[in-house]
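> Input: one structure, supplied below.
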Amino acid sequence: MSKISRRRTVLKGRHGVFTRSKLLEQDRTSVKKCHHVDDSVLKEFPEGSKVLEANRYSTAAWTTAMRVIVELRNGKTQSYFLKSAPNEMGKSMMEAEFRSMEELYYYMPTMVPRPIAWGQLTQSSPDTYFLLLEYIELCMDMVDPVAFCDQIATLHKISKSPTGKFGFHLDTFQGPNRQITEWESDWCTYFTRLLNGHFVAEVDQNGPNEDYEKAYSTLKDKIIPLLLKPLQEKGRSIKPCLIHGDLWEENTGTDLITGKTVIFDASAYYAHNEMELGMWRRDVVRFGKAYFRQYLRNFPPSEPVEQWDDRNRLYSLAYTLCQALAWPASAEMTREIMVRDMHFLIDKYLAPTGSNS
């Protein structure tokens, strides 16, 4: 028996984790009550396919997900992952995730479920939009840091921005949060715009707070330029790298057939490669020191190296803001984290005795 097959086997949908016994129980129930599969999805299956089962197995606040099993003309079965979301926001989200997965698949086809299609369901009210991907059966234990970080670093190294700039073809979403991804050659300008978009939306949603907003204003106007301008000054340059954009353990797994690491639920764009690791700093994420160490062995910090940890702290703020936006009940806690990290950087770089005062 292989090492992988001895592990607790888990089937992971993009918004839910299910043990094999639970999914099999659900599948047996679904044989009698197979969920409807829209005609616009059916036409994406190979010609002559027949739907055997369609099991809705996870629902989030903004999407629903389904596993669809079809019988092919040759008698073999094939599984697909189907996600859907309503209204204009759903349309933007489904297209953005499809384009994100498409871009990642182009560079790392063994690491990403094959994106098949996105579009509008023809038999739904309100208007609803779908994303169709290859379904992969996954082990959801923590991925091996050596193999995983080697693959992520490889993605960052081999990817090439089609414009030579930071950004993406269209705005992408981290959860329900739109990310402004208009092309920009200056990384400091790009990151400031991205972070500010999240911050303004968070304050609009969760309410004003004078101290919080004052700290952010100082961070935006003074700290961000101090940390990010040097990356592209004095002859230095950074390559826009394709990043997953929401890379934590819940969006990774190990393919039970191939043993390879798989990533999904992407909100991709071309960025400073270190932006990817900002998510890993968050307290709720379990990609700890071993993952940082392995990644940096494959892709060393940008110059100035001595500011690497401070840049990582800064980048983590974007992900913290997205948490507060997606889950308003966590706003108080996430704002405390924001204030703590903002004041750390402000005190370090703007202290009266500091060299940057």
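Naming scheme: A, B, ... for chains in displayed order of the structure tokens; residues 1 onward per chain; ligands 1 onward as shown.
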Fewer than 6 positions away in the same chain doesn't count, so skip those; otherwise give me all residues within 9 Å of Lys220 of chain A, counting only C-alpha atoms, as a list in words.

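Using only C-alpha atoms, the neighbours found are Thr192, Leu195 and Asn196 of chain A.
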
> Keeping only C-alpha atoms, write the selected residues as a short mmCIF file (atom, residue, chain, number, x, y, z; two decimals), in the first residue's frame.


data_model
loop_
_atom_site.label_atom_id
_atom_site.label_comp_id
_atom_site.auth_asym_id
_atom_site.auth_seq_id
_atom_site.Cartn_x
_atom_site.Cartn_y
_atom_site.Cartn_z
CA THR A 192 -0.71 50.32 -3.34
CA LEU A 195 -4.27 47.20 -1.08
CA ASN A 196 -6.17 50.47 -1.14
#

> Write out as a PDB file with N, CA, C and O atoms, in the first residue's frame all residues of segment 31-60 of chain A that backbone DSSP assigns to alpha helix (DSSP H).


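Final file, result.pdb:
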ATOM      1  N   VAL A  31     -27.972   8.963  -6.186  1.00  0.00           N
ATOM      2  CA  VAL A  31     -28.399   8.088  -7.279  1.00  0.00           C
ATOM      3  C   VAL A  31     -29.914   8.177  -7.449  1.00  0.00           C
ATOM      4  O   VAL A  31     -30.443   8.181  -8.548  1.00  0.00           O
ATOM      5  N   LYS A  32     -30.620   8.288  -6.314  1.00  0.00           N
ATOM      6  CA  LYS A  32     -32.073   8.393  -6.372  1.00  0.00           C
ATOM      7  C   LYS A  32     -32.524   9.818  -6.674  1.00  0.00           C
ATOM      8  O   LYS A  32     -33.558  10.027  -7.282  1.00  0.00           O
ATOM      9  N   ASP A  39     -28.367  22.335 -19.527  1.00  0.00           N
ATOM     10  CA  ASP A  39     -27.996  22.021 -20.911  1.00  0.00           C
ATOM     11  C   ASP A  39     -26.693  22.684 -21.325  1.00  0.00           C
ATOM     12  O   ASP A  39     -25.925  22.124 -22.121  1.00  0.00           O
ATOM     13  N   SER A  40     -26.422  23.880 -20.805  1.00  0.00           N
ATOM     14  CA  SER A  40     -25.196  24.581 -21.181  1.00  0.00           C
ATOM     15  C   SER A  40     -23.958  23.867 -20.650  1.00  0.00           C
ATOM     16  O   SER A  40     -22.868  23.987 -21.214  1.00  0.00           O
ATOM     17  N   VAL A  41     -24.119  23.102 -19.574  1.00  0.00           N
ATOM     18  CA  VAL A  41     -23.017  22.295 -19.050  1.00  0.00           C
ATOM     19  C   VAL A  41     -22.925  20.981 -19.815  1.00  0.00           C
ATOM     20  O   VAL A  41     -21.824  20.521 -20.160  1.00  0.00           O
ATOM     21  N   LEU A  42     -24.076  20.370 -20.104  1.00  0.00           N
ATOM     22  CA  LEU A  42     -24.089  19.085 -20.816  1.00  0.00           C
ATOM     23  C   LEU A  42     -23.343  19.157 -22.141  1.00  0.00           C
ATOM     24  O   LEU A  42     -22.654  18.210 -22.537  1.00  0.00           O
TER      25      LEU A  42
END

> For the contact check between segment 272-301 of chain A and segment 229-251 of chain A, emit one row per residue of segment 272-301 of chain A within 9 Å, containing the shortest atom pair and the distance in Å rounded to one decimal, counting only C-alpha atoms, chain then rising number order, as CSV.


residue,atom,partner,partner_atom,distance
A:His272,CA,A:Pro240,CA,5.6
A:Asn273,CA,A:Cys241,CA,5.6
A:Met275,CA,A:Ile243,CA,7.9
A:Glu276,CA,A:Ile243,CA,6.0
A:Leu277,CA,A:Leu247,CA,8.0
A:Met279,CA,A:Leu247,CA,6.7
A:Trp280,CA,A:Trp248,CA,6.7
A:Val285,CA,A:Trp248,CA,6.3
A:Arg286,CA,A:Glu249,CA,6.8
A:Phe287,CA,A:Trp248,CA,7.0

> Give the strand (DSSP E) residues of segment 80-247 of chain A, as assigned by DSSP on the backbone, as a short mmCIF file (atom, residue, chain, number, x, y, z; two decimals) with C-alpha atoms, in the first residue's frame.


data_model
loop_
_atom_site.label_atom_id
_atom_site.label_comp_id
_atom_site.auth_asym_id
_atom_site.auth_seq_id
_atom_site.Cartn_x
_atom_site.Cartn_y
_atom_site.Cartn_z
CA TYR A 80 -16.14 16.86 -13.39
CA PHE A 81 -16.18 19.66 -10.85
CA LEU A 82 -18.98 22.19 -11.39
CA LYS A 83 -19.17 25.49 -9.53
CA SER A 84 -21.86 28.15 -9.96
CA ALA A 85 -22.78 31.62 -8.68
CA PRO A 86 -25.67 33.99 -9.44
CA PRO A 115 -10.21 24.09 -16.89
CA ILE A 116 -12.93 23.13 -19.38
CA ALA A 117 -15.47 25.93 -19.69
CA TRP A 118 -17.37 28.74 -18.06
CA GLY A 119 -20.65 30.30 -19.12
CA GLN A 120 -24.27 31.02 -18.27
CA THR A 128 -26.50 32.04 -12.84
CA TYR A 129 -23.04 31.31 -14.20
CA PHE A 130 -20.88 28.21 -14.03
CA LEU A 131 -17.27 27.02 -14.02
CA LEU A 132 -16.42 23.49 -15.18
CA LEU A 133 -13.13 21.79 -14.29
CA GLU A 134 -11.60 18.36 -14.30
CA LEU A 138 -7.36 14.49 -3.41
CA CYS A 139 -5.71 13.69 -0.11
CA THR A 172 -9.89 38.48 -10.30
CA PHE A 173 -11.54 37.60 -6.99
CA GLN A 174 -10.24 36.37 -3.68
CA ASN A 177 -13.47 40.28 -3.08
CA ARG A 178 -12.71 41.89 -6.43
CA GLN A 179 -9.01 42.55 -7.06
CA CYS A 241 5.48 36.37 -11.93
CA LEU A 242 2.19 34.54 -12.19
CA ILE A 243 0.94 33.85 -8.66
#

> May I ask which of the residues A:Arg67, A:Lys76, A:Asn55, A:Tyr135 is the closest one to Val262 of chain A, counting only C-alpha atoms?

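Going through A:Arg67, A:Lys76, A:Asn55, A:Tyr135 one by one, the smallest distance to Val262 of chain A is for A:Tyr135.
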
> Pick out the residues sitting within 8 Å of Arg56 of chain A, and hand them over as a count of residues only; count only C-alpha atoms, and ignore anything fewer than 4 positions along from it in its own chain.

5

> Identify, on the basis of only C-alpha atoms, every residue whose closest approach to Asn74 of chain A does not exceed 12 Å; exclude the query and any residue fewer than 3 positions from it along the same chain; express the result as JSON, numbers by chain.

{"A": [46, 47, 48, 49, 50, 70, 71, 77, 78]}

> Quick one: residues within 12 Å of segment 207-216 of chain A, only C-alpha atoms, excluding same-chain residues fewer than 5 positions away - as JSON, numbers by chain?

{"A": [192, 195, 196, 198, 199, 200, 201, 202, 221, 222, 223, 224, 314, 317, 318, 321, 324, 325, 328, 331, 332, 334, 335, 336, 337, 338, 339, 340, 341, 342, 343, 344, 345, 346, 347]}

> Please indicate the distance in Å from atom CA of Asp144 of chain A to atom CA of Thr110 of chain A, rounded to one decimal place.

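Value for the atom CA of Asp144 of chain A-atom CA of Thr110 of chain A distance: 15.8 Å.
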
> Do you have, as CSV, the list of residues of segment 102-175 of chain A lying at most 10 Å from segment 188-191 of chain A, each with its nearest atom pair and that distance in Å to one decimal, counting only C-alpha atoms and ordered by chain then number?


residue,atom,partner,partner_atom,distance
A:Lys165,CA,A:Tyr190,CA,9.6
A:Phe166,CA,A:Tyr190,CA,7.1
A:Gly167,CA,A:Tyr190,CA,7.8

> Store the residues picked out above in a file with C-alpha atoms, as a short mmCIF file (atom, residue, chain, number, x, y, z; two decimals), in the first residue's frame.


data_model
loop_
_atom_site.label_atom_id
_atom_site.label_comp_id
_atom_site.auth_asym_id
_atom_site.auth_seq_id
_atom_site.Cartn_x
_atom_site.Cartn_y
_atom_site.Cartn_z
CA LYS A 165 3.83 44.42 -16.47
CA PHE A 166 2.13 43.53 -13.22
CA GLY A 167 -1.59 42.73 -13.44
#

> Just the number, please: distance in Å from atom CA of Arg282 of chain A to atom CA of Cys322 of chain A, one decimal.

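For atom CA of Arg282 of chain A relative to atom CA of Cys322 of chain A, the distance reads 11.8 Å.
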
> Need the shell around Ala153 of chain A: protein/DNA/RNA residues with any atom at most 7 Å away, counting only C-alpha atoms. Skip same-chain ones fewer than 4 positions apart. Format as a ChimeraX atom specification?

/A:149,157,295,298-299

> One number please: atom CA of Ala61 of chain A to atom CA of Gly90 of chain A, in Å, one decimal.

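Pair atom CA of Ala61 of chain A / atom CA of Gly90 of chain A returns 11.7 Å.
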
> In terms of the shortest atom-to-atom distance over only C-alpha atoms, which of A:Thr63, A:Leu72, A:Ile158, A:Gln123 is closest to Asp38 of chain A?

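Among the listed residues, the smallest separation from Asp38 of chain A belongs to A:Gln123.
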